[in-house]
file structure-v1.pdb (PDB, C-alpha atoms)
ATOM      1  CA  MET K 664      20.945  44.067  75.949
ATOM      2  CA  ILE K 665      22.867  41.846  78.367
ATOM      3  CA  GLU K 666      25.532  44.525  78.742
ATOM      4  CA  GLN K 667      22.900  47.163  79.533
ATOM      5  CA  LEU K 668      21.249  44.840  82.044
ATOM      6  CA  GLY K 669      24.608  44.278  83.709
ATOM      7  CA  ARG K 670      25.236  48.011  83.958
ATOM      8  CA  ASN K 671      21.829  48.548  85.533
ATOM      9  CA  VAL K 672      22.395  45.778  88.077
ATOM     10  CA  ILE K 673      25.816  47.173  88.999
ATOM     11  CA  ARG K 674      24.350  50.668  89.320
ATOM     12  CA  ILE K 675      21.505  49.465  91.553
ATOM     13  CA  VAL K 676      23.869  47.477  93.771
ATOM     14  CA  GLY K 677      26.242  50.451  94.016
ATOM     15  CA  ASN K 678      23.443  52.873  94.907
ATOM     16  CA  THR K 679      22.093  50.467  97.508
ATOM     17  CA  GLY K 680      25.516  50.128  99.091
ATOM     18  CA  ARG K 681      26.087  53.887  99.161
ATOM     19  CA  PHE K 682      22.683  54.464 100.732
ATOM     20  CA  ALA K 683      23.316  51.763 103.354
ATOM     21  CA  ARG K 684      26.645  53.357 104.286
ATOM     22  CA  PHE K 685      25.031  56.798 104.465
ATOM     23  CA  ALA K 686      22.176  55.510 106.630
ATOM     24  CA  TRP K 687      24.581  53.764 108.987
ATOM     25  CA  ALA K 688      26.738  56.880 109.305
ATOM     26  CA  ALA K 689      23.675  59.087 109.857
ATOM     27  CA  HIS K 690      22.225  56.931 112.630
ATOM     28  CA  ALA K 691      25.618  56.485 114.288
ATOM     29  CA  ALA K 692      26.100  60.263 114.209
ATOM     30  CA  MET K 693      22.582  60.706 115.582
ATOM     31  CA  ALA K 694      23.446  58.550 118.595
ATOM     32  CA  ARG K 695      26.582  60.612 119.237
ATOM     33  CA  THR K 696      24.639  63.847 118.822
ATOM     34  CA  LEU K 697      22.299  62.895 121.663
ATOM     35  CA  LEU K 698      25.311  62.852 123.995
ATOM     36  CA  ARG K 699      26.435  66.371 123.000
ATOM     37  CA  PRO K 700      24.342  69.098 124.682
ATOM     38  CA  LYS K 701      25.927  71.698 122.383
ATOM     39  CA  ALA K 702      24.035  70.143 119.473
ATOM     40  CA  TYR K 703      20.624  70.521 121.132
ATOM     41  CA  PRO K 704      19.924  74.008 119.677
ATOM     42  CA  ARG K 705      20.322  72.610 116.148
ATOM     43  CA  ILE K 706      17.980  69.755 117.014
ATOM     44  CA  LEU K 707      15.366  72.121 118.459
ATOM     45  CA  THR K 708      15.539  74.288 115.339
ATOM     46  CA  GLN K 709      14.844  71.269 113.142
ATOM     47  CA  MET K 710      12.083  70.092 115.472
ATOM     48  CA  TYR K 711      10.336  73.427 115.055
ATOM     49  CA  THR K 712      10.739  73.365 111.273
ATOM     50  CA  ILE K 713       9.764  69.729 110.840
ATOM     51  CA  GLY K 714       7.213  69.335 113.610
ATOM     52  CA  VAL K 715       5.489  72.588 114.535
ATOM     53  CA  LYS K 716       5.140  73.871 110.984
ATOM     54  CA  SER K 717       3.700  70.521 109.851
ATOM     55  CA  VAL K 718       0.891  70.442 112.426
ATOM     56  CA  PRO K 719      -1.750  72.313 110.316
ATOM     57  CA  VAL K 720      -1.386  70.166 107.196
ATOM     58  CA  VAL K 721      -1.272  66.927 109.210
ATOM     59  CA  MET K 722      -4.349  67.863 111.224
ATOM     60  CA  ALA K 723      -6.249  68.837 108.075
ATOM     61  CA  THR K 724      -5.316  65.498 106.507
ATOM     62  CA  GLY K 725      -6.521  63.562 109.541
ATOM     63  CA  ALA K 726      -9.806  65.497 109.744
ATOM     64  CA  PHE K 727     -10.735  64.906 106.118
ATOM     65  CA  VAL K 728      -9.768  61.229 106.345
ATOM     66  CA  GLY K 729     -12.158  60.695 109.264
ATOM     67  CA  MET K 730     -14.992  62.661 107.659
ATOM     68  CA  ILE K 731     -14.704  60.977 104.257
ATOM     69  CA  LEU K 732     -14.469  57.545 105.848
ATOM     70  CA  ALA K 733     -17.697  58.232 107.770
ATOM     71  CA  LEU K 734     -19.527  59.291 104.628
ATOM     72  CA  GLN K 735     -18.274  56.335 102.593
ATOM     73  CA  SER K 736     -19.049  53.670 105.205
ATOM     74  CA  TYR K 737     -22.493  54.893 106.308
ATOM     75  CA  ASP K 738     -24.540  53.438 103.437
ATOM     76  CA  GLN K 739     -22.986  49.977 103.683
ATOM     77  CA  LEU K 740     -23.500  49.750 107.438
ATOM     78  CA  ALA K 741     -26.981  51.307 107.343
ATOM     79  CA  HIS K 742     -28.196  48.583 104.958
ATOM     80  CA  MET K 743     -27.268  46.003 107.601
ATOM     81  CA  GLY K 744     -28.579  48.034 110.538
ATOM     82  CA  LEU K 745     -25.065  48.526 111.948
ATOM     83  CA  GLU K 746     -24.710  52.288 111.563
ATOM     84  CA  GLU K 747     -24.250  52.744 115.326
ATOM     85  CA  ARG K 748     -21.081  50.662 115.048
ATOM     86  CA  MET K 749     -19.467  53.103 112.635
ATOM     87  CA  GLY K 750     -17.171  54.298 115.403
ATOM     88  CA  VAL K 751     -15.357  50.963 115.474
ATOM     89  CA  LEU K 752     -14.717  51.004 111.734
ATOM     90  CA  ILE K 753     -13.688  54.660 111.556
ATOM     91  CA  ASN K 754     -11.505  54.811 114.642
ATOM     92  CA  LYS K 755      -9.768  51.488 114.047
ATOM     93  CA  ALA K 756      -9.010  52.316 110.418
ATOM     94  CA  VAL K 757      -7.745  55.802 111.270
ATOM     95  CA  ILE K 758      -5.601  54.728 114.219
ATOM     96  CA  ARG K 759      -4.046  51.597 112.709
ATOM     97  CA  GLU K 760      -3.606  52.422 109.023
ATOM     98  CA  LEU K 761      -4.945  55.603 107.462
ATOM     99  CA  GLY K 762      -3.732  58.056 110.091
ATOM    100  CA  PRO K 763      -0.093  56.907 110.243
ATOM    101  CA  VAL K 764       0.280  56.269 106.507
ATOM    102  CA  LEU K 765      -1.369  59.453 105.211
ATOM    103  CA  ALA K 766       0.321  61.633 107.838
ATOM    104  CA  ALA K 767       3.687  60.141 106.861
ATOM    105  CA  ILE K 768       2.980  60.705 103.162
ATOM    106  CA  MET K 769       2.137  64.352 103.830
ATOM    107  CA  LEU K 770       5.392  64.687 105.774
ATOM    108  CA  ALA K 771       7.269  63.049 102.910
ATOM    109  CA  GLY K 772       5.922  65.720 100.577
ATOM    110  CA  ARG K 773       6.393  68.694 102.867
ATOM    111  CA  VAL K 774       9.367  67.827 105.081
ATOM    112  CA  GLY K 775      11.166  65.439 102.754
ATOM    113  CA  GLY K 776      11.075  67.875  99.852
ATOM    114  CA  ALA K 777      12.307  70.713 102.047
ATOM    115  CA  LEU K 778      15.191  68.663 103.450
ATOM    116  CA  THR K 779      16.269  67.521 100.000
ATOM    117  CA  ALA K 780      16.070  70.998  98.514
ATOM    118  CA  GLU K 781      17.976  72.563 101.413
ATOM    119  CA  LEU K 782      20.798  70.028 101.476
ATOM    120  CA  GLY K 783      20.839  69.771  97.683
ATOM    121  CA  THR K 784      21.326  73.518  97.372
ATOM    122  CA  MET K 785      24.114  73.349  99.942
ATOM    123  CA  ASN K 786      25.713  70.545  97.956
ATOM    124  CA  VAL K 787      25.477  72.406  94.646
ATOM    125  CA  THR K 788      26.915  75.595  96.153
ATOM    126  CA  GLU K 789      29.704  73.562  97.831
ATOM    127  CA  GLN K 790      28.663  74.520 101.347
ATOM    128  CA  ILE K 791      28.869  70.869 102.396
ATOM    129  CA  SER K 792      32.446  70.744 101.109
ATOM    130  CA  ALA K 793      33.179  73.899 103.097
ATOM    131  CA  VAL K 794      31.874  72.256 106.277
ATOM    132  CA  ARG K 795      34.055  69.225 105.588
ATOM    133  CA  SER K 796      37.117  71.410 104.907
ATOM    134  CA  MET K 797      36.757  72.994 108.366
ATOM    135  CA  GLY K 798      37.233  69.587 109.946
ATOM    136  CA  THR K 799      33.546  69.041 110.781
ATOM    137  CA  ASP K 800      31.678  65.924 109.802
ATOM    138  CA  PRO K 801      28.788  67.173 107.590
ATOM    139  CA  ILE K 802      26.693  64.117 108.412
ATOM    140  CA  ARG K 803      26.955  64.803 112.140
ATOM    141  CA  TYR K 804      26.448  68.552 111.707
ATOM    142  CA  LEU K 805      23.736  68.605 109.018
ATOM    143  CA  VAL K 806      22.079  65.202 108.794
ATOM    144  CA  ALA K 807      21.915  63.913 112.374
ATOM    145  CA  PRO K 808      19.764  66.782 113.775
ATOM    146  CA  ARG K 809      17.295  66.469 110.883
ATOM    147  CA  VAL K 810      16.980  62.700 111.148
ATOM    148  CA  LEU K 811      16.624  62.878 114.924
ATOM    149  CA  ALA K 812      13.943  65.586 114.760
ATOM    150  CA  CYS K 813      11.955  63.681 112.152
ATOM    151  CA  LEU K 814      12.339  60.426 114.066
ATOM    152  CA  LEU K 815      11.013  61.924 117.302
ATOM    153  CA  LEU K 816       8.231  64.129 115.961
ATOM    154  CA  THR K 817       6.607  61.904 113.348
ATOM    155  CA  PRO K 818       4.872  59.761 116.033
ATOM    156  CA  LEU K 819       3.577  62.927 117.724
ATOM    157  CA  LEU K 820       2.229  64.229 114.430
ATOM    158  CA  ILE K 821       0.559  60.871 113.842
ATOM    159  CA  ILE K 822      -1.161  61.220 117.234
ATOM    160  CA  TYR K 823      -2.481  64.622 116.129
ATOM    161  CA  ALA K 824      -3.723  63.138 112.857
ATOM    162  CA  ASP K 825      -5.430  60.254 114.682
ATOM    163  CA  LEU K 826      -7.115  62.545 117.178
ATOM    164  CA  VAL K 827      -8.450  64.940 114.565
ATOM    165  CA  GLY K 828      -9.505  62.028 112.334
ATOM    166  CA  ILE K 829     -11.517  60.536 115.188
ATOM    167  CA  LEU K 830     -13.173  63.891 115.893
ATOM    168  CA  GLY K 831     -13.886  64.413 112.187
ATOM    169  CA  GLY K 832     -15.552  61.027 111.899
ATOM    170  CA  PHE K 833     -17.561  61.696 115.060
ATOM    171  CA  PHE K 834     -18.712  65.089 113.790
ATOM    172  CA  VAL K 835     -20.000  63.701 110.489
ATOM    173  CA  SER K 836     -21.523  60.597 112.068
ATOM    174  CA  VAL K 837     -23.382  62.357 114.892
ATOM    175  CA  PHE K 838     -24.211  65.819 113.593
ATOM    176  CA  GLN K 839     -24.631  65.097 109.877
ATOM    177  CA  LEU K 840     -25.762  61.467 109.762
ATOM    178  CA  LYS K 841     -27.688  61.637 113.090
ATOM    179  CA  ILE K 842     -26.141  58.575 114.729
ATOM    180  CA  ASN K 843     -26.568  58.208 118.488
ATOM    181  CA  ALA K 844     -23.470  59.671 120.148
ATOM    182  CA  GLY K 845     -23.561  57.355 123.169
ATOM    183  CA  ALA K 846     -23.716  54.226 121.041
ATOM    184  CA  TYR K 847     -21.007  55.596 118.750
ATOM    185  CA  TRP K 848     -18.510  56.043 121.598
ATOM    186  CA  SER K 849     -19.462  52.875 123.494
ATOM    187  CA  TYR K 850     -18.891  50.641 120.475
ATOM    188  CA  SER K 851     -15.682  52.533 119.706
ATOM    189  CA  ALA K 852     -14.357  51.983 123.230
ATOM    190  CA  ALA K 853     -15.197  48.276 123.016
ATOM    191  CA  GLY K 854     -13.585  47.754 119.607
ATOM    192  CA  VAL K 855     -10.432  49.903 119.710
ATOM    193  CA  GLU K 856      -7.627  48.516 121.870
ATOM    194  CA  MET K 857      -4.399  49.941 123.200
ATOM    195  CA  TRP K 858      -2.621  47.593 120.798
ATOM    196  CA  ASP K 859      -4.104  49.490 117.839
ATOM    197  CA  ILE K 860      -2.887  52.828 119.189
ATOM    198  CA  THR K 861       0.566  51.475 120.028
ATOM    199  CA  THR K 862       1.183  49.910 116.631
ATOM    200  CA  GLY K 863       0.161  53.084 114.810
ATOM    201  CA  ILE K 864       2.577  55.162 116.879
ATOM    202  CA  LEU K 865       5.422  52.650 116.527
ATOM    203  CA  LYS K 866       5.104  52.827 112.763
ATOM    204  CA  GLY K 867       5.716  56.568 113.015
ATOM    205  CA  PHE K 868       9.283  56.108 114.251
ATOM    206  CA  PHE K 869      10.219  54.031 111.224
ATOM    207  CA  PHE K 870       8.308  56.242 108.800
ATOM    208  CA  GLY K 871      10.050  59.345 110.131
ATOM    209  CA  GLY K 872      13.474  57.729 110.012
ATOM    210  CA  ALA K 873      12.924  56.561 106.426
ATOM    211  CA  ILE K 874      11.704  59.979 105.254
ATOM    212  CA  ALA K 875      14.610  61.898 106.786
ATOM    213  CA  THR K 876      17.313  59.416 105.774
ATOM    214  CA  ILE K 877      16.181  59.131 102.140
ATOM    215  CA  SER K 878      15.679  62.896 101.779
ATOM    216  CA  CYS K 879      19.081  63.751 103.259
ATOM    217  CA  TYR K 880      20.780  61.126 101.105
ATOM    218  CA  LYS K 881      19.216  62.513  97.936
ATOM    219  CA  GLY K 882      20.213  66.032  98.941
ATOM    220  CA  PHE K 883      23.822  64.990  99.598
ATOM    221  CA  ASN K 884      24.088  63.184  96.255
ATOM    222  CA  CYS K 885      22.106  65.386  93.865
ATOM    223  CA  ARG K 886      23.498  66.465  90.507
ATOM    224  CA  GLU K 887      24.638  70.017  89.882
ATOM    225  CA  GLY K 888      22.264  72.791  88.869
ATOM    226  CA  ALA K 889      18.651  73.620  89.575
ATOM    227  CA  GLN K 890      17.491  70.647  87.520
ATOM    228  CA  GLY K 891      19.571  68.296  89.642
ATOM    229  CA  VAL K 892      18.043  69.657  92.856
ATOM    230  CA  GLY K 893      14.544  69.330  91.403
ATOM    231  CA  GLU K 894      15.158  65.749  90.323
ATOM    232  CA  ALA K 895      16.541  64.953  93.773
ATOM    233  CA  CYS K 896      13.372  66.318  95.420
ATOM    234  CA  THR K 897      11.194  64.182  93.160
ATOM    235  CA  GLU K 898      13.285  61.077  93.780
ATOM    236  CA  ALA K 899      13.230  61.723  97.531
ATOM    237  CA  PHE K 900       9.437  61.915  97.621
ATOM    238  CA  VAL K 901       8.978  58.820  95.462
ATOM    239  CA  GLY K 902      11.512  56.867  97.502
ATOM    240  CA  SER K 903       9.935  57.969 100.787
ATOM    241  CA  PHE K 904       6.457  57.141  99.524
ATOM    242  CA  MET K 905       7.462  53.647  98.419
ATOM    243  CA  SER K 906       9.364  53.002 101.648
ATOM    244  CA  ILE K 907       6.324  54.053 103.717
ATOM    245  CA  LEU K 908       4.094  51.604 101.846
ATOM    246  CA  PHE K 909       6.672  48.823 102.102
ATOM    247  CA  LEU K 910       7.301  49.384 105.822
ATOM    248  CA  ASN K 911       3.573  49.549 106.485
ATOM    249  CA  TYR K 912       3.092  46.204 104.728
ATOM    250  CA  VAL K 913       5.939  44.570 106.662
ATOM    251  CA  PHE K 914       4.877  45.899 110.054
ATOM    252  CA  THR K 915       1.248  44.967 109.436
ATOM    253  CA  ILE K 916       2.313  41.350 108.962
ATOM    254  CA  VAL K 917       4.627  41.447 111.978
ATOM    255  CA  PHE K 918       2.170  43.167 114.313
ATOM    256  CA  ASP K 919      -0.681  40.865 113.298
ATOM    257  CA  ALA K 920       1.494  37.832 114.041
ATOM    258  CA  VAL K 921       2.500  39.253 117.424
ATOM    259  CA  TYR K 922      -1.110  40.124 118.223
ATOM    260  CA  LYS K 923      -2.374  36.629 117.436
ATOM    261  CA  SER K 924       0.437  35.069 119.463
ATOM    262  CA  PHE K 925       0.476  37.178 122.627
ATOM    263  CA  TRP K 926      -2.503  39.553 122.747
ATOM    264  CA  THR K 927      -5.924  38.618 124.034
ATOM    265  CA  VAL K 928      -8.286  38.447 121.066
ATOM    266  CA  LYS K 929     -11.573  40.318 121.543
ATOM    267  CA  PRO K 930     -14.528  40.514 119.149
ATOM    268  CA  LEU K 931     -14.713  43.787 117.250
ATOM    269  CA  LEU K 932     -18.508  44.064 117.301
TER     270      LEU K 932
END
call {"tool": "encode", "arguments": {"input": "structure-v1.pdb", "output": "structure tokens"}}
result
Amino acid sequence: MIEQLGRNVIRIVGNTGRFARFAWAAHAAMARTLLRPKAYPRILTQMYTIGVKSVPVVMATGAFVGMILALQSYDQLAHMGLEERMGVLINKAVIRELGPVLAAIMLAGRVGGALTAELGTMNVTEQISAVRSMGTDPIRYLVAPRVLACLLLTPLLIIYADLVGILGGFFVSVFQLKINAGAYWSYSAAGVEMWDITTGILKGFFFGGAIATISCYKGFNCREGAQGVGEACTEAFVGSFMSILFLNYVFTIVFDAVYKSFWTVKPLL
């Protein structure tokens, strides 16, 4: 038992070290790629694949989050006579937490799985080795454009999810639940601050970087065969999902501490 525990600890430490080295190399290559205009077409291709093609699913996720949140919160607020203040609850929850986290999870499933499968297939068919044999760094050529595209576009996709979530909550609250539209927006404007919007967008940079880095790492290090690629895709999604939750927890603590220290505190209601 002790021997097995030792093997597991050594394996975990080794995997952590390999991932740290890969992440460092990927982000260093990403910085160099920004200074090479010849690499911009590859970046734009990945931005279209990662960003533009993800807009429908992200917007649908945001819309349903806002609508479901309105339906779930109406009864509790109506019992206290606060239904006109639903806009504060819906918009603040969508902008600060639900929009960024759920949009990132959808990207982890769609984009992360695609990146892992693509690079994993290239690894199994030795295309990555072929790139390396031609004297080209595969991390700079294959990984850096994907990480950069995901890093830049995840915050924009989160903005889309927030916007559609706000509109979805407004539609259900005003047209289905018959809440006064003027009161809905006035309380929302009073309760939602620029700090809430900024923190939600800032989280997107870290979520996008985590998704792309973990997915590319799993693709580069998958086992041979179709089963190995499939396992790598599953591990990439699980790892991205857990990292999103962990980063969200950490940044919530950090942003709350910064807010209480430097930001002017205003009453929500």
call {"tool": "resolve_selection", "arguments": {"input": "structure-v1.pdb", "expression": "the PyMOL selection byres ((chain K and resi 685-699) around 10)", "output": "ChimeraX atom specification"}}
result
/K:679-684,700-703,706,800-812,872-873,875-877,879-880,883
call {"tool": "resolve_selection", "arguments": {"input": "structure-v1.pdb", "expression": "the PyMOL selection byres ((chain K and resi 852-866) around 6)", "output": "list in words"}}
result
Val751, Lys755, Ile758, Arg759, Pro763, Pro818, Ser849, Tyr850, Ser851, Gly867, Phe868, Phe869 and Leu931 of chain K
call {"tool": "atom_distance", "arguments": {"input": "structure-v1.pdb", "atom1": "atom CA of K:Val718", "atom2": "atom CA of K:Phe834"}}
result
20.4 Å
call {"tool": "closest_atom_pairs", "arguments": {"input": "structure-v1.pdb", "of": "stretch 799-908 of chain K", "to": "stretch 732-745 of chain K", "cutoff": "7 Å", "atoms": "only C-alpha atoms", "output": "tab-separated table"}}
result
residue	atom	partner	partner_atom	distance
K:Gly832	CA	K:Ala733	CA	5.4
K:Val835	CA	K:Ala733	CA	6.5
K:Ser836	CA	K:Ala733	CA	6.2
call {"tool": "atom_distance", "arguments": {"input": "structure-v1.pdb", "atom1": "atom CA of K:Val774", "atom2": "atom CA of K:Pro704"}}
result
19.0 Å
call {"tool": "residues_around", "arguments": {"input": "structure-v1.pdb", "residues": "K:Thr724", "least_positions_apart": "3", "cutoff": "12 Å", "atoms": "only C-alpha atoms", "output": "PyMOL selection string"}}
result
chain K and resi 717-721+727-731+757+761-770+820-821+823-829+831
call {"tool": "closest_residue", "arguments": {"input": "structure-v1.pdb", "among": "K:Phe914, K:Glu789, K:Ala723, K:Lys881", "to": "K:Asn678", "atoms": "all atoms listed in the file"}}
result
K:Lys881
call {"tool": "atom_distance", "arguments": {"input": "structure-v1.pdb", "atom1": "atom CA of K:Ile753", "atom2": "atom CA of K:Leu816"}}
result
24.3 Å
call {"tool": "residues_near_point", "arguments": {"input": "structure-v1.pdb", "point": "(12.9, 66.9, 94.1)", "cutoff": "10 Å", "atoms": "all atoms listed in the file", "output": "NGL selection string"}}
result
:K and (772 or 775-780 or 783 or 878 or 881-882 or 885 or 889-901)
call {"tool": "build_atoms", "arguments": {"input": "structure-v1.pdb", "residues": "stretch 713-737 of chain K", "atoms": "N, CA and C atoms", "output": "mmCIF file, in the frame of the given file"}}
result
data_model
loop_
_atom_site.group_PDB
_atom_site.id
_atom_site.type_symbol
_atom_site.label_atom_id
_atom_site.label_comp_id
_atom_site.auth_asym_id
_atom_site.auth_seq_id
_atom_site.Cartn_x
_atom_site.Cartn_y
_atom_site.Cartn_z
ATOM 1 N N ILE K 713 10.373 70.974 111.299
ATOM 2 C CA ILE K 713 9.764 69.729 110.840
ATOM 3 C C ILE K 713 8.437 69.466 111.535
ATOM 4 N N GLY K 714 8.382 69.705 112.840
ATOM 5 C CA GLY K 714 7.213 69.335 113.610
ATOM 6 C C GLY K 714 6.142 70.396 113.705
ATOM 7 N N VAL K 715 6.492 71.554 114.259
ATOM 8 C CA VAL K 715 5.489 72.588 114.535
ATOM 9 C C VAL K 715 4.866 73.095 113.242
ATOM 10 N N LYS K 716 5.670 73.332 112.233
ATOM 11 C CA LYS K 716 5.140 73.871 110.984
ATOM 12 C C LYS K 716 4.342 72.838 110.186
ATOM 13 N N SER K 717 4.453 71.568 110.556
ATOM 14 C CA SER K 717 3.700 70.521 109.851
ATOM 15 C C SER K 717 2.372 70.208 110.513
ATOM 16 N N VAL K 718 2.116 70.769 111.699
ATOM 17 C CA VAL K 718 0.891 70.442 112.426
ATOM 18 C C VAL K 718 -0.367 70.796 111.623
ATOM 19 N N PRO K 719 -0.501 71.994 111.031
ATOM 20 C CA PRO K 719 -1.750 72.313 110.316
ATOM 21 C C PRO K 719 -2.076 71.349 109.184
ATOM 22 N N VAL K 720 -1.104 71.032 108.345
ATOM 23 C CA VAL K 720 -1.386 70.166 107.196
ATOM 24 C C VAL K 720 -1.682 68.736 107.654
ATOM 25 N N VAL K 721 -1.010 68.268 108.706
ATOM 26 C CA VAL K 721 -1.272 66.927 109.210
ATOM 27 C C VAL K 721 -2.650 66.849 109.845
ATOM 28 N N MET K 722 -3.033 67.862 110.597
ATOM 29 C CA MET K 722 -4.349 67.863 111.224
ATOM 30 C C MET K 722 -5.461 67.960 110.176
ATOM 31 N N ALA K 723 -5.256 68.756 109.152
ATOM 32 C CA ALA K 723 -6.249 68.837 108.075
ATOM 33 C C ALA K 723 -6.384 67.492 107.371
ATOM 34 N N THR K 724 -5.264 66.816 107.139
ATOM 35 C CA THR K 724 -5.316 65.498 106.507
ATOM 36 C C THR K 724 -6.101 64.510 107.357
ATOM 37 N N GLY K 725 -5.806 64.473 108.660
ATOM 38 C CA GLY K 725 -6.521 63.562 109.541
ATOM 39 C C GLY K 725 -8.009 63.852 109.604
ATOM 40 N N ALA K 726 -8.390 65.137 109.658
ATOM 41 C CA ALA K 726 -9.806 65.497 109.744
ATOM 42 C C ALA K 726 -10.569 65.042 108.511
ATOM 43 N N PHE K 727 -10.031 65.299 107.336
ATOM 44 C CA PHE K 727 -10.735 64.906 106.118
ATOM 45 C C PHE K 727 -10.780 63.392 105.949
ATOM 46 N N VAL K 728 -9.744 62.693 106.414
ATOM 47 C CA VAL K 728 -9.768 61.229 106.345
ATOM 48 C C VAL K 728 -10.920 60.684 107.174
ATOM 49 N N GLY K 729 -11.063 61.164 108.419
ATOM 50 C CA GLY K 729 -12.158 60.695 109.264
ATOM 51 C C GLY K 729 -13.522 61.038 108.707
ATOM 52 N N MET K 730 -13.690 62.250 108.182
ATOM 53 C CA MET K 730 -14.992 62.661 107.659
ATOM 54 C C MET K 730 -15.362 61.889 106.401
ATOM 55 N N ILE K 731 -14.420 61.713 105.497
ATOM 56 C CA ILE K 731 -14.704 60.977 104.257
ATOM 57 C C ILE K 731 -14.980 59.515 104.551
ATOM 58 N N LEU K 732 -14.244 58.939 105.495
ATOM 59 C CA LEU K 732 -14.469 57.545 105.848
ATOM 60 C C LEU K 732 -15.869 57.347 106.431
ATOM 61 N N ALA K 733 -16.339 58.323 107.221
ATOM 62 C CA ALA K 733 -17.697 58.232 107.770
ATOM 63 C C ALA K 733 -18.741 58.280 106.657
ATOM 64 N N LEU K 734 -18.563 59.182 105.721
ATOM 65 C CA LEU K 734 -19.527 59.291 104.628
ATOM 66 C C LEU K 734 -19.535 58.041 103.750
ATOM 67 N N GLN K 735 -18.364 57.483 103.485
ATOM 68 C CA GLN K 735 -18.274 56.335 102.593
ATOM 69 C C GLN K 735 -18.802 55.053 103.240
ATOM 70 N N SER K 736 -18.666 54.916 104.546
ATOM 71 C CA SER K 736 -19.049 53.670 105.205
ATOM 72 C C SER K 736 -20.492 53.671 105.700
ATOM 73 N N TYR K 737 -21.156 54.827 105.720
ATOM 74 C CA TYR K 737 -22.493 54.893 106.308
ATOM 75 C C TYR K 737 -23.499 54.033 105.536
#
